[in-house]
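Novice: Data: my_file-v8.tsv, TSV, C-alpha atoms and all ligand atoms.
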```
chain	number	residue	atom	x	y	z
K	119	MET	CA	-15.05	20.44	30.36
K	120	LYS	CA	-15.20	19.01	26.88
K	121	SER	CA	-14.98	22.30	25.06
K	122	ILE	CA	-12.19	23.58	27.32
K	123	LEU	CA	-10.12	20.51	26.62
K	124	HIS	CA	-10.78	20.92	22.95
K	125	TYR	CA	-9.73	24.57	23.01
K	126	SER	CA	-6.47	23.84	24.81
K	127	LYS	CA	-5.74	21.06	22.34
K	128	ILE	CA	-6.14	23.45	19.42
K	129	LEU	CA	-3.84	25.96	21.12
K	130	THR	CA	-1.19	23.29	21.66
K	131	ILE	CA	-1.40	22.19	18.04
K	132	ALA	CA	-1.14	25.77	16.84
K	133	PHE	CA	1.86	26.31	19.10
K	134	LEU	CA	3.62	23.16	17.93
K	135	LEU	CA	2.93	23.86	14.27
K	136	PHE	CA	4.20	27.41	14.68
K	137	ASN	CA	7.27	26.19	16.52
K	138	CYS	CA	7.90	23.59	13.89
K	139	LYS	CA	7.86	26.18	11.12
K	140	ALA	CA	9.77	28.84	12.99
K	141	ARG	CA	12.66	26.64	13.99
K	142	SER	CA	12.77	24.15	11.17
K	143	GLN	CA	15.83	25.73	9.54
K	144	ASN	CA	18.37	24.92	12.22
K	145	ASN	CA	17.07	21.94	14.08
K	146	SER	CA	19.21	19.05	15.05
K	147	SER	CA	17.59	15.84	13.85
K	148	LYS	CA	16.99	14.75	17.43
K	149	ASN	CA	14.97	17.86	18.16
K	150	SER	CA	12.95	17.41	15.05
K	151	ILE	CA	12.23	13.80	15.96
K	152	GLU	CA	11.04	14.90	19.38
K	153	LYS	CA	8.81	17.49	17.81
K	154	ASN	CA	7.38	15.00	15.36
K	155	ASN	CA	6.75	12.72	18.29
K	156	ASP	CA	4.88	15.53	20.05
K	157	LEU	CA	2.74	16.14	16.98
K	158	THR	CA	1.87	12.51	16.39
K	159	ALA	CA	0.95	12.22	20.08
K	160	ILE	CA	-1.50	15.08	19.77
K	161	LEU	CA	-2.83	14.58	16.27
K	162	ILE	CA	-3.22	10.79	16.24
K	163	ASP	CA	-5.50	9.91	19.10
K	164	SER	CA	-6.84	6.58	20.23
K	165	LEU	CA	-10.48	7.76	20.54
K	166	THR	CA	-10.68	8.58	16.83
K	167	VAL	CA	-8.88	5.35	15.95
K	168	LYS	CA	-11.38	3.44	18.07
K	169	LYS	CA	-14.32	5.15	16.40
K	170	HIS	CA	-13.07	4.22	12.90
K	171	LEU	CA	-12.37	0.64	13.94
K	172	TYR	CA	-15.66	-0.02	15.74
K	173	THR	CA	-17.68	1.57	12.93
K	174	LEU	CA	-16.01	-0.35	10.10
K	175	ALA	CA	-16.05	-3.66	11.98
K	176	SER	CA	-19.63	-3.34	13.25
K	177	ASP	CA	-22.25	-5.95	12.40
K	178	GLU	CA	-24.06	-3.25	10.41
K	179	MET	CA	-21.30	-3.49	7.76
K	180	GLN	CA	-22.10	-7.21	7.33
K	181	GLY	CA	-18.49	-8.23	6.84
K	182	ARG	CA	-17.93	-5.79	3.92
K	183	ALA	CA	-17.99	-8.35	1.10
K	184	THR	CA	-17.37	-6.79	-2.32
K	185	GLY	CA	-20.62	-6.09	-4.16
K	186	THR	CA	-22.85	-6.06	-1.05
K	187	GLU	CA	-24.87	-3.48	0.88
K	188	GLY	CA	-22.47	-3.88	3.76
K	189	ILE	CA	-19.43	-2.71	1.81
K	190	GLU	CA	-21.50	0.19	0.45
K	191	LYS	CA	-22.01	1.36	4.05
K	192	ALA	CA	-18.30	1.04	4.76
K	193	ALA	CA	-17.50	3.05	1.62
K	194	GLN	CA	-19.92	5.77	2.66
K	195	TYR	CA	-18.25	6.03	6.05
K	196	ILE	CA	-14.79	6.35	4.45
K	197	GLU	CA	-16.07	8.95	1.98
K	198	LYS	CA	-17.68	10.94	4.78
K	199	GLU	CA	-14.39	10.92	6.68
K	200	PHE	CA	-12.35	11.88	3.58
K	201	LYS	CA	-14.71	14.81	3.09
K	202	ARG	CA	-14.58	15.89	6.74
K	203	ILE	CA	-10.78	15.75	6.69
K	204	GLY	CA	-10.70	17.78	3.47
K	205	LEU	CA	-9.17	15.38	0.93
K	206	THR	CA	-9.54	16.17	-2.77
K	207	HIS	CA	-10.48	13.81	-5.59
K	208	TYR	CA	-7.93	11.68	-7.40
K	209	ASP	CA	-6.84	12.50	-10.94
K	210	THR	CA	-9.90	13.21	-13.13
K	211	LEU	CA	-12.44	11.53	-10.82
K	212	SER	CA	-15.51	13.54	-9.82
K	213	SER	CA	-15.97	11.71	-6.52
K	214	TYR	CA	-13.84	9.62	-4.16
K	215	ARG	CA	-14.88	6.46	-6.02
K	216	GLN	CA	-12.80	4.78	-8.69
K	217	ASN	CA	-15.50	2.61	-10.28
K	218	PHE	CA	-14.89	-0.48	-12.38
K	219	GLU	CA	-16.34	-3.88	-13.09
K	220	ALA	CA	-14.76	-7.25	-12.38
K	221	GLN	CA	-16.11	-10.77	-11.82
K	222	ASN	CA	-19.52	-9.49	-12.99
K	223	MET	CA	-19.67	-7.09	-10.06
K	224	LYS	CA	-19.57	-3.33	-9.75
K	225	MET	CA	-16.65	-2.41	-7.52
K	226	PHE	CA	-14.76	0.68	-6.52
K	227	ASN	CA	-11.67	1.82	-4.67
K	228	VAL	CA	-12.17	4.85	-2.41
K	229	ILE	CA	-9.43	7.42	-3.01
K	230	GLY	CA	-8.63	10.81	-1.51
K	231	VAL	CA	-5.66	13.09	-2.12
K	232	ILE	CA	-3.55	15.72	-0.36
K	233	GLU	CA	-1.46	17.50	-2.94
K	234	GLY	CA	2.24	17.91	-2.14
K	235	LYS	CA	3.53	21.39	-1.38
K	236	SER	CA	6.73	21.27	-3.44
K	237	LYS	CA	6.70	17.91	-5.30
K	238	LYS	CA	3.14	17.49	-6.43
K	239	ASP	CA	4.07	15.18	-9.31
K	240	GLU	CA	5.70	12.68	-6.96
K	241	TYR	CA	3.09	10.37	-5.44
K	242	ILE	CA	3.02	8.23	-2.33
K	243	ILE	CA	0.21	5.78	-1.67
K	244	ILE	CA	-1.09	5.14	1.84
K	245	SER	CA	-3.48	2.20	1.65
K	246	ALA	CA	-5.46	-0.59	3.27
K	247	HIS	CA	-8.27	-2.79	1.97
K	248	TYR	CA	-11.81	-2.05	3.14
K	249	ASP	CA	-13.42	-5.27	1.90
K	250	HIS	CA	-13.59	-8.51	3.85
K	251	LEU	CA	-15.32	-11.89	3.68
K	252	GLY	CA	-18.96	-10.93	4.28
K	253	MET	CA	-21.31	-13.35	5.98
K	254	LYS	CA	-21.75	-17.11	6.18
K	255	LYS	CA	-24.59	-18.21	3.88
K	256	GLN	CA	-26.32	-19.97	6.76
K	257	GLY	CA	-25.77	-21.09	10.33
K	258	THR	CA	-26.68	-20.14	13.84
K	259	GLY	CA	-24.93	-17.74	16.18
K	260	ASP	CA	-22.39	-15.31	14.78
K	261	ILE	CA	-22.36	-15.46	10.98
K	262	ILE	CA	-20.62	-12.13	10.28
K	263	TYR	CA	-16.96	-11.92	9.36
K	264	ASN	CA	-16.35	-8.51	10.93
K	265	GLY	CA	-12.76	-8.29	9.73
K	266	ALA	CA	-11.73	-5.97	12.55
K	267	ASP	CA	-8.02	-6.69	12.35
K	268	ASP	CA	-8.30	-7.66	8.66
K	269	ASP	CA	-8.44	-4.90	7.69
K	270	ALA	CA	-10.60	-2.37	9.51
K	271	SER	CA	-7.48	-1.71	11.60
K	272	GLY	CA	-5.55	-0.74	8.45
K	273	VAL	CA	-8.34	1.50	7.14
K	274	SER	CA	-8.45	3.21	10.55
K	275	ALA	CA	-4.74	3.91	10.07
K	276	VAL	CA	-5.29	5.33	6.57
K	277	LEU	CA	-7.99	7.68	7.88
K	278	SER	CA	-5.87	8.73	10.87
K	279	LEU	CA	-2.82	9.40	8.67
K	280	ALA	CA	-4.95	11.45	6.25
K	281	GLU	CA	-6.15	13.59	9.14
K	282	TYR	CA	-2.60	13.91	10.46
K	283	TYR	CA	-1.07	14.98	7.13
K	284	LYS	CA	-3.89	17.38	6.36
K	285	LYS	CA	-2.78	19.22	9.52
K	286	VAL	CA	1.02	18.98	9.31
K	287	GLY	CA	1.44	19.18	5.52
K	288	ASN	CA	3.43	17.10	3.04
K	289	GLU	CA	5.97	17.88	0.30
K	290	ARG	CA	5.03	14.96	-1.97
K	291	THR	CA	1.45	14.23	-3.02
K	292	LEU	CA	-0.31	11.67	-0.81
K	293	VAL	CA	-2.88	9.32	-2.31
K	294	PHE	CA	-4.98	7.65	0.39
K	295	ILE	CA	-6.66	4.51	-0.89
K	296	ALA	CA	-9.16	2.09	0.59
K	297	PHE	CA	-8.81	-0.81	-1.85
K	298	THR	CA	-11.74	-3.06	-2.70
K	299	ALA	CA	-11.76	-6.82	-3.38
K	300	GLU	CA	-8.40	-7.60	-1.80
K	301	GLU	CA	-9.85	-10.80	-0.41
K	302	LEU	CA	-10.94	-11.82	-3.93
K	303	GLY	CA	-7.34	-11.60	-5.15
K	304	LEU	CA	-5.99	-8.04	-4.93
K	305	ILE	CA	-8.50	-6.93	-7.58
K	306	GLY	CA	-8.88	-3.28	-6.52
K	307	SER	CA	-5.16	-2.60	-6.27
K	308	THR	CA	-4.48	-4.42	-9.54
K	309	TYR	CA	-7.03	-2.20	-11.27
K	310	PHE	CA	-5.49	0.92	-9.72
K	311	GLY	CA	-1.98	-0.18	-10.76
K	312	LYS	CA	-3.05	-0.68	-14.39
K	313	HIS	CA	-4.01	2.96	-14.71
K	314	ILE	CA	-0.94	4.70	-13.31
K	315	ASN	CA	2.48	5.65	-14.53
K	316	PRO	CA	4.53	3.76	-11.92
K	317	GLU	CA	7.53	6.05	-12.45
K	318	LYS	CA	5.63	8.81	-10.67
K	319	TYR	CA	5.03	6.64	-7.62
K	320	ILE	CA	7.80	7.01	-5.06
K	321	ALA	CA	6.48	4.57	-2.44
K	322	GLY	CA	3.51	2.50	-1.32
K	323	ILE	CA	2.69	2.33	2.38
K	324	ASN	CA	0.19	-0.48	2.86
K	325	ILE	CA	-1.20	-1.36	6.27
K	326	GLU	CA	-2.69	-4.74	7.24
K	327	MET	CA	-3.68	-6.15	10.62
K	328	ILE	CA	-2.13	-3.90	13.24
K	329	GLY	CA	-4.48	-4.65	16.15
K	330	LYS	CA	-2.44	-7.27	17.99
K	331	THR	CA	1.01	-7.25	19.57
K	332	SER	CA	3.60	-8.49	17.09
K	333	SER	CA	5.81	-11.51	17.72
K	334	TYR	CA	8.71	-9.08	18.34
K	335	GLY	CA	6.88	-7.65	21.38
K	336	PRO	CA	4.99	-4.45	22.24
K	337	LYS	CA	5.73	-1.30	20.20
K	338	THR	CA	7.05	-3.23	17.22
K	339	ALA	CA	5.81	-3.92	13.72
K	340	TRP	CA	7.25	-5.78	10.77
K	341	LEU	CA	7.47	-5.02	7.10
K	342	THR	CA	6.94	-7.39	4.18
K	343	GLY	CA	9.62	-7.57	1.50
K	344	PHE	CA	12.10	-5.86	3.78
K	345	ASP	CA	15.14	-6.64	1.60
K	346	ARG	CA	13.52	-5.81	-1.72
K	347	SER	CA	14.21	-2.07	-1.41
K	348	ASN	CA	15.76	0.21	1.21
K	349	PHE	CA	12.32	1.46	2.30
K	350	GLY	CA	12.50	-0.52	5.56
K	351	LYS	CA	15.98	0.78	6.38
K	352	ILE	CA	14.76	4.36	5.96
K	353	ILE	CA	11.91	3.69	8.38
K	354	GLN	CA	14.29	2.11	10.89
K	355	LYS	CA	16.57	5.15	10.70
K	356	ASN	CA	13.66	7.53	11.29
K	357	LEU	CA	12.49	5.50	14.29
K	358	GLU	CA	15.96	5.30	15.85
K	359	ASN	CA	15.28	7.78	18.64
K	360	SER	CA	11.72	6.68	19.27
K	361	ASN	CA	10.47	3.85	21.46
K	362	TYR	CA	9.08	1.90	18.49
K	363	LYS	CA	10.94	-0.59	16.31
K	364	LEU	CA	10.40	-2.00	12.81
K	365	TYR	CA	11.62	-5.48	11.84
K	366	PRO	CA	11.59	-7.63	8.71
K	367	ASP	CA	8.59	-9.93	8.19
K	368	PRO	CA	9.15	-12.92	10.53
K	369	TYR	CA	7.08	-15.29	8.36
K	370	PRO	CA	8.96	-15.62	5.05
K	371	LYS	CA	7.27	-18.97	4.35
K	372	PHE	CA	3.85	-17.30	4.26
K	373	ASN	CA	4.92	-15.26	1.21
K	374	LEU	CA	3.09	-12.22	2.66
K	375	PHE	CA	4.79	-9.74	0.31
K	376	TYR	CA	2.56	-11.08	-2.46
K	377	ARG	CA	-0.56	-11.53	-0.35
K	378	SER	CA	-1.61	-7.93	0.12
K	379	ASP	CA	-2.26	-4.90	-2.07
K	380	ASN	CA	1.34	-3.66	-1.95
K	381	ALA	CA	2.13	-6.49	-4.40
K	382	SER	CA	0.07	-4.93	-7.21
K	383	LEU	CA	2.31	-1.85	-7.08
K	384	ALA	CA	5.55	-3.65	-6.27
K	385	LYS	CA	5.13	-5.69	-9.45
K	386	LEU	CA	5.38	-2.38	-11.31
K	387	GLY	CA	8.64	-1.54	-9.54
K	388	VAL	CA	7.16	0.77	-6.89
K	389	PRO	CA	8.75	0.27	-3.45
K	390	ALA	CA	5.43	-0.76	-1.91
K	391	HIS	CA	5.48	-2.72	1.32
K	392	THR	CA	2.99	-3.78	3.98
K	393	PHE	CA	3.25	-2.83	7.64
K	394	SER	CA	1.73	-5.37	10.03
K	395	THR	CA	1.84	-6.53	13.63
K	396	GLY	CA	-0.28	-9.65	13.07
K	397	PRO	CA	0.87	-12.84	14.84
K	398	ILE	CA	-0.42	-14.67	11.80
K	399	ASP	CA	1.09	-18.07	12.70
K	400	LYS	CA	-1.05	-18.36	15.84
K	401	ASP	CA	-3.88	-15.89	15.31
K	402	LYS	CA	-7.03	-17.86	16.10
K	403	HIS	CA	-9.31	-15.10	14.81
K	404	TYR	CA	-7.69	-14.78	11.35
K	405	HIS	CA	-10.41	-15.12	8.69
K	406	LYS	CA	-12.90	-16.23	11.38
K	407	VAL	CA	-16.20	-14.65	12.42
K	408	SER	CA	-14.48	-13.96	15.75
K	409	ASP	CA	-12.22	-11.26	14.20
K	410	GLU	CA	-14.09	-8.61	16.20
K	411	ALA	CA	-13.06	-5.14	17.35
K	412	GLN	CA	-13.16	-6.25	21.02
K	413	THR	CA	-10.29	-8.67	20.41
K	414	LEU	CA	-7.95	-5.84	19.38
K	415	ASN	CA	-5.64	-3.61	21.35
K	416	ILE	CA	-6.47	0.01	20.45
K	417	SER	CA	-3.19	1.27	21.86
K	418	ASN	CA	-1.26	-1.15	19.63
K	419	ILE	CA	-3.09	0.32	16.61
K	420	THR	CA	-2.57	3.93	17.70
K	421	GLU	CA	1.13	3.48	18.50
K	422	THR	CA	1.68	1.73	15.18
K	423	ILE	CA	-0.02	4.55	13.26
K	424	LYS	CA	2.20	7.08	15.04
K	425	ALA	CA	5.28	5.01	14.21
K	426	ILE	CA	4.25	4.84	10.54
K	427	ALA	CA	3.82	8.64	10.52
K	428	LEU	CA	7.22	9.19	12.11
K	429	GLY	CA	8.94	6.45	10.14
K	430	THR	CA	7.75	7.53	6.68
K	431	LYS	CA	8.05	11.27	7.24
K	432	SER	CA	11.37	11.73	5.41
K	433	ILE	CA	9.94	9.94	2.36
K	434	ILE	CA	6.75	11.96	2.45
K	435	ASN	CA	8.73	15.18	2.72
K	436	ALA	CA	11.11	14.28	-0.13
K	437	ILE	CA	14.22	13.98	2.03
K	438	ASP	CA	14.56	10.26	1.29
K	439	THR	CA	13.62	8.32	-1.86
K	440	PRO	CA	13.55	4.55	-1.48
K	441	THR	CA	15.18	2.35	-4.11
K	442	ARG	CA	12.88	0.66	-6.63
K	443	VAL	CA	11.66	-2.74	-5.62
K	444	LYS	CA	13.16	-5.96	-6.92
K	445	THR	CA	10.46	-8.38	-7.97
K	446	LYS	CA	12.07	-11.21	-9.82
K	447	ASP	CA	11.65	-14.50	-8.01
Q	501	ZN	ZN	-6.18	-8.34	4.78
```
Would you kindly transcribe this structure into structure tokens?
Specialist:
Amino acid sequence: MKSILHYSKILTIAFLLFNCKARSQNNSSKNSIEKNNDLTAILIDSLTVKKHLYTLASDEMQGRATGTEGIEKAAQYIEKEFKRIGLTHYDTLSSYRQNFEAQNMKMFNVIGVIEGKSKKDEYIIISAHYDHLGMKKQGTGDIIYNGADDDASGVSAVLSLAEYYKKVGNERTLVFIAFTAEELGLIGSTYFGKHINPEKYIAGINIEMIGKTSSYGPKTAWLTGFDRSNFGKIIQKNLENSNYKLYPDPYPKFNLFYRSDNASLAKLGVPAHTFSTGPIDKDKHYHKVSDEAQTLNISNITETIKAIALGTKSIINAIDTPTRVKTKD
């Protein structure tokens, strides 16, 4: 049963990919949206999403605090997945690790690349942070900050999107990054940002906390810094004929645009924004040991990943280029 299902799945993918290529010249945009929908439905599946999430948020990872054994295990899982998917190394690195030292600790971002077919010198980042708060120093009962929503859910999205794009292809170069030390003050993304030429970076797609239904309702997400570039408008346009909607960040007072890794790139002018569904104003598990995989809705994560794939596709394939971000405030 298992292998038969698998075989038929491969055939369907091959058929859709072939169809996509063969008819891409004279498609109406509606048809192409439907086809993209078909592909995301097949290539982004909830079982794989669930596996990533439950692995990264397991007690074995000890809350993934920067500089600990727990985060080392999380990094090894991400590296193993990057390798399985077939990502290449970033820039001159000889592994997926971008090593550096900060706060007297050895740290590293985990980075994998899929080179663009026609615009390989135009980069797009797809990112989430893989660190979290670690463990309580003492106490009884649960002492592990599993960080399932924050941000194992986002890393699951990064891995799923890497697998998706490895299969469907991309015109611009995609840089998949699991950032370290976000919880210590965006340290990993700041380090990354210091060593790039921002002009070459077309967009930053950062993903944070997508495991719970957003305040706008099911099949919706929101974007931080919505008005700072036209990135969000492009996504909305691409999602027009789908059943998923993107809205501006409903919590302007929380200043979320500057509270995740997108900020490190946005400060350099890159249109880098964070996708989230987190009901952060009333989320009782936020930064608590109770942020466990079981509290999350896998279908919310999977549908959001599919919407990100569909929504960002025209940017990834060099049809749209978002305006540079405005940062003065
Ligand atoms: Zn986070």
Novice: Sorted by chain and rising residue number, which residues of chain K lie within 12 Å of ligand ZN 501 (chain Q), and what are their closest atom pairs and distances in Å to one decimal, counting only C-alpha atoms and all ligand atoms, as JSON lines?
Specialist:
```
{"residue": "K:Ser245", "atom": "CA", "partner": "Q:ZN501", "partner_atom": "ZN", "distance": 11.3}
{"residue": "K:Ala246", "atom": "CA", "partner": "Q:ZN501", "partner_atom": "ZN", "distance": 7.9}
{"residue": "K:His247", "atom": "CA", "partner": "Q:ZN501", "partner_atom": "ZN", "distance": 6.6}
{"residue": "K:Tyr248", "atom": "CA", "partner": "Q:ZN501", "partner_atom": "ZN", "distance": 8.6}
{"residue": "K:Asp249", "atom": "CA", "partner": "Q:ZN501", "partner_atom": "ZN", "distance": 8.4}
{"residue": "K:His250", "atom": "CA", "partner": "Q:ZN501", "partner_atom": "ZN", "distance": 7.5}
{"residue": "K:Leu251", "atom": "CA", "partner": "Q:ZN501", "partner_atom": "ZN", "distance": 9.9}
{"residue": "K:Asn264", "atom": "CA", "partner": "Q:ZN501", "partner_atom": "ZN", "distance": 11.9}
{"residue": "K:Gly265", "atom": "CA", "partner": "Q:ZN501", "partner_atom": "ZN", "distance": 8.2}
{"residue": "K:Ala266", "atom": "CA", "partner": "Q:ZN501", "partner_atom": "ZN", "distance": 9.8}
{"residue": "K:Asp267", "atom": "CA", "partner": "Q:ZN501", "partner_atom": "ZN", "distance": 8.0}
{"residue": "K:Asp268", "atom": "CA", "partner": "Q:ZN501", "partner_atom": "ZN", "distance": 4.5}
{"residue": "K:Asp269", "atom": "CA", "partner": "Q:ZN501", "partner_atom": "ZN", "distance": 5.0}
{"residue": "K:Ala270", "atom": "CA", "partner": "Q:ZN501", "partner_atom": "ZN", "distance": 8.8}
{"residue": "K:Ser271", "atom": "CA", "partner": "Q:ZN501", "partner_atom": "ZN", "distance": 9.6}
{"residue": "K:Gly272", "atom": "CA", "partner": "Q:ZN501", "partner_atom": "ZN", "distance": 8.5}
{"residue": "K:Val273", "atom": "CA", "partner": "Q:ZN501", "partner_atom": "ZN", "distance": 10.3}
{"residue": "K:Ala296", "atom": "CA", "partner": "Q:ZN501", "partner_atom": "ZN", "distance": 11.6}
{"residue": "K:Phe297", "atom": "CA", "partner": "Q:ZN501", "partner_atom": "ZN", "distance": 10.4}
{"residue": "K:Thr298", "atom": "CA", "partner": "Q:ZN501", "partner_atom": "ZN", "distance": 10.7}
{"residue": "K:Ala299", "atom": "CA", "partner": "Q:ZN501", "partner_atom": "ZN", "distance": 10.0}
{"residue": "K:Glu300", "atom": "CA", "partner": "Q:ZN501", "partner_atom": "ZN", "distance": 7.0}
{"residue": "K:Glu301", "atom": "CA", "partner": "Q:ZN501", "partner_atom": "ZN", "distance": 6.8}
{"residue": "K:Leu302", "atom": "CA", "partner": "Q:ZN501", "partner_atom": "ZN", "distance": 10.5}
{"residue": "K:Gly303", "atom": "CA", "partner": "Q:ZN501", "partner_atom": "ZN", "distance": 10.5}
{"residue": "K:Leu304", "atom": "CA", "partner": "Q:ZN501", "partner_atom": "ZN", "distance": 9.7}
{"residue": "K:Asn324", "atom": "CA", "partner": "Q:ZN501", "partner_atom": "ZN", "distance": 10.3}
{"residue": "K:Ile325", "atom": "CA", "partner": "Q:ZN501", "partner_atom": "ZN", "distance": 8.7}
{"residue": "K:Glu326", "atom": "CA", "partner": "Q:ZN501", "partner_atom": "ZN", "distance": 5.6}
{"residue": "K:Met327", "atom": "CA", "partner": "Q:ZN501", "partner_atom": "ZN", "distance": 6.7}
{"residue": "K:Ile328", "atom": "CA", "partner": "Q:ZN501", "partner_atom": "ZN", "distance": 10.4}
{"residue": "K:Leu374", "atom": "CA", "partner": "Q:ZN501", "partner_atom": "ZN", "distance": 10.3}
{"residue": "K:Phe375", "atom": "CA", "partner": "Q:ZN501", "partner_atom": "ZN", "distance": 11.9}
{"residue": "K:Tyr376", "atom": "CA", "partner": "Q:ZN501", "partner_atom": "ZN", "distance": 11.7}
{"residue": "K:Arg377", "atom": "CA", "partner": "Q:ZN501", "partner_atom": "ZN", "distance": 8.3}
{"residue": "K:Ser378", "atom": "CA", "partner": "Q:ZN501", "partner_atom": "ZN", "distance": 6.5}
{"residue": "K:Asp379", "atom": "CA", "partner": "Q:ZN501", "partner_atom": "ZN", "distance": 8.6}
{"residue": "K:Asn380", "atom": "CA", "partner": "Q:ZN501", "partner_atom": "ZN", "distance": 11.1}
{"residue": "K:Thr392", "atom": "CA", "partner": "Q:ZN501", "partner_atom": "ZN", "distance": 10.3}
{"residue": "K:Phe393", "atom": "CA", "partner": "Q:ZN501", "partner_atom": "ZN", "distance": 11.3}
{"residue": "K:Ser394", "atom": "CA", "partner": "Q:ZN501", "partner_atom": "ZN", "distance": 9.9}
{"residue": "K:Gly396", "atom": "CA", "partner": "Q:ZN501", "partner_atom": "ZN", "distance": 10.3}
{"residue": "K:Ile398", "atom": "CA", "partner": "Q:ZN501", "partner_atom": "ZN", "distance": 11.1}
{"residue": "K:Tyr404", "atom": "CA", "partner": "Q:ZN501", "partner_atom": "ZN", "distance": 9.3}
{"residue": "K:His405", "atom": "CA", "partner": "Q:ZN501", "partner_atom": "ZN", "distance": 8.9}
{"residue": "K:Asp409", "atom": "CA", "partner": "Q:ZN501", "partner_atom": "ZN", "distance": 11.6}
```
Novice: Quick one: contact table of region 293-380 of chain K to region 417-438 of chain K, 6 Å max, nearest atom pair and distance in Å to one decimal per residue, counting all atoms listed in the file, chain and number order, as a tab-separated table?
Specialist:
```
residue	atom	partner	partner_atom	distance
K:Ile328	CA	K:Ile419	CA	5.5
K:Gly329	CA	K:Ile419	CA	5.2
K:Ile353	CA	K:Gly429	CA	4.4
K:Asn356	CA	K:Gly429	CA	5.0
K:Leu357	CA	K:Gly429	CA	5.5
```
Novice: Could you check the closest approach to Val388 (chain K) for each of K:Arg290, K:Lys285, K:Lys238, K:Arg346 and tell me which residue wins, using only C-alpha atoms?
Specialist: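 Closest residue, counting only C-alpha atoms: K:Arg346.
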Novice: Excluding Thr338 (chain K) and residues on its chain fewer than 5 positions from it, collect all residues at most 9 Å away from it, counting all atoms listed in the file, and give them as a PyMOL selection string.
Specialist: chain K and resi 331-333+361-365+395+418+422+425
Novice: Hey, what's within 9 Å of region 231-235 of chain K if we count only C-alpha atoms and toss same-chain stuff fewer than 6 positions away? As a list in words, please?
Specialist: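 Result of the neighbour search: Phe200, Gly204, Leu205, Thr206, His207, Tyr208, Asp209, Tyr241, Ala280, Tyr283, Lys284, Gly287, Asn288, Glu289, Arg290, Thr291, Leu292, Val293, Phe294, Ile295, Ile434 and Asn435 of chain K.
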Novice: Which distance in Å separates CA of Asp401 (chain K) and CA of Asp163 (chain K), to one decimal?
Specialist: 26.1 Å
Novice: Write out as a PyMOL selection string each polymer residue whose atoms come within 8 Å of Gln180 (chain K), counting all atoms listed in the file; drop sequence neighbours fewer than 4 positions from it.
Specialist: chain K and resi 176+187-189+252-253+262-264
Novice: What is the CA of Asn373 (chain K) to CA of Ser307 (chain K) distance in Å?
Specialist: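 Interatomic distance, CA of Asn373 (chain K) to CA of Ser307 (chain K): 17.8 Å.
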Novice: Between CA of Met225 (chain K) and CA of Ser213 (chain K), what distance in Å does the model show, to one decimal?
Specialist: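 Those two atoms sit 14.2 Å apart.
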Novice: At most 12 Å from (-6.8, 2.6, -14.2), file frame, all atoms listed in the file: which residues, as a PDB file with C-alpha atoms, in the coordinates of the input?
Specialist:
```
ATOM      1  CA  TYR K 208      -7.930  11.680  -7.400  1.00  0.00           C
ATOM      2  CA  ASP K 209      -6.840  12.500 -10.940  1.00  0.00           C
ATOM      3  CA  THR K 210      -9.900  13.210 -13.130  1.00  0.00           C
ATOM      4  CA  LEU K 211     -12.440  11.530 -10.820  1.00  0.00           C
ATOM      5  CA  GLN K 216     -12.800   4.780  -8.690  1.00  0.00           C
ATOM      6  CA  ASN K 217     -15.500   2.610 -10.280  1.00  0.00           C
ATOM      7  CA  PHE K 218     -14.890  -0.480 -12.380  1.00  0.00           C
ATOM      8  CA  GLU K 219     -16.340  -3.880 -13.090  1.00  0.00           C
ATOM      9  CA  PHE K 226     -14.760   0.680  -6.520  1.00  0.00           C
ATOM     10  CA  ASN K 227     -11.670   1.820  -4.670  1.00  0.00           C
ATOM     11  CA  ILE K 305      -8.500  -6.930  -7.580  1.00  0.00           C
ATOM     12  CA  GLY K 306      -8.880  -3.280  -6.520  1.00  0.00           C
ATOM     13  CA  SER K 307      -5.160  -2.600  -6.270  1.00  0.00           C
ATOM     14  CA  THR K 308      -4.480  -4.420  -9.540  1.00  0.00           C
ATOM     15  CA  TYR K 309      -7.030  -2.200 -11.270  1.00  0.00           C
ATOM     16  CA  PHE K 310      -5.490   0.920  -9.720  1.00  0.00           C
ATOM     17  CA  GLY K 311      -1.980  -0.180 -10.760  1.00  0.00           C
ATOM     18  CA  LYS K 312      -3.050  -0.680 -14.390  1.00  0.00           C
ATOM     19  CA  HIS K 313      -4.010   2.960 -14.710  1.00  0.00           C
ATOM     20  CA  ILE K 314      -0.940   4.700 -13.310  1.00  0.00           C
ATOM     21  CA  ASN K 315       2.480   5.650 -14.530  1.00  0.00           C
ATOM     22  CA  PRO K 316       4.530   3.760 -11.920  1.00  0.00           C
TER      23      PRO K 316
END
```
Novice: Would you list the contacts of His170 (chain K) as a PyMOL selection string, taking every protein, DNA or RNA residue within 8 Å and counting all atoms listed in the file, but skipping same-chain residues closer than 3 positions in sequence?
Specialist: chain K and resi 166-167+173-174+270+273-274+277
Novice: When you look at Ile261 (chain K) with a cut-off of 10 Å (counting all atoms listed in the file), what residues show up, excluding the ones that are within fewer than 5 positions of it in the same chain? I need them as number ranges by chain.
Specialist: K: 177, 180-181, 252-256, 406-408
Novice: Hey, which of K:Ile416, K:Glu358, K:Glu197, K:Lys402 ends up closest to Lys169 (chain K)? Count all atoms listed in the file.
Specialist: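 Result for the nearest residue to Lys169 (chain K): K:Ile416.
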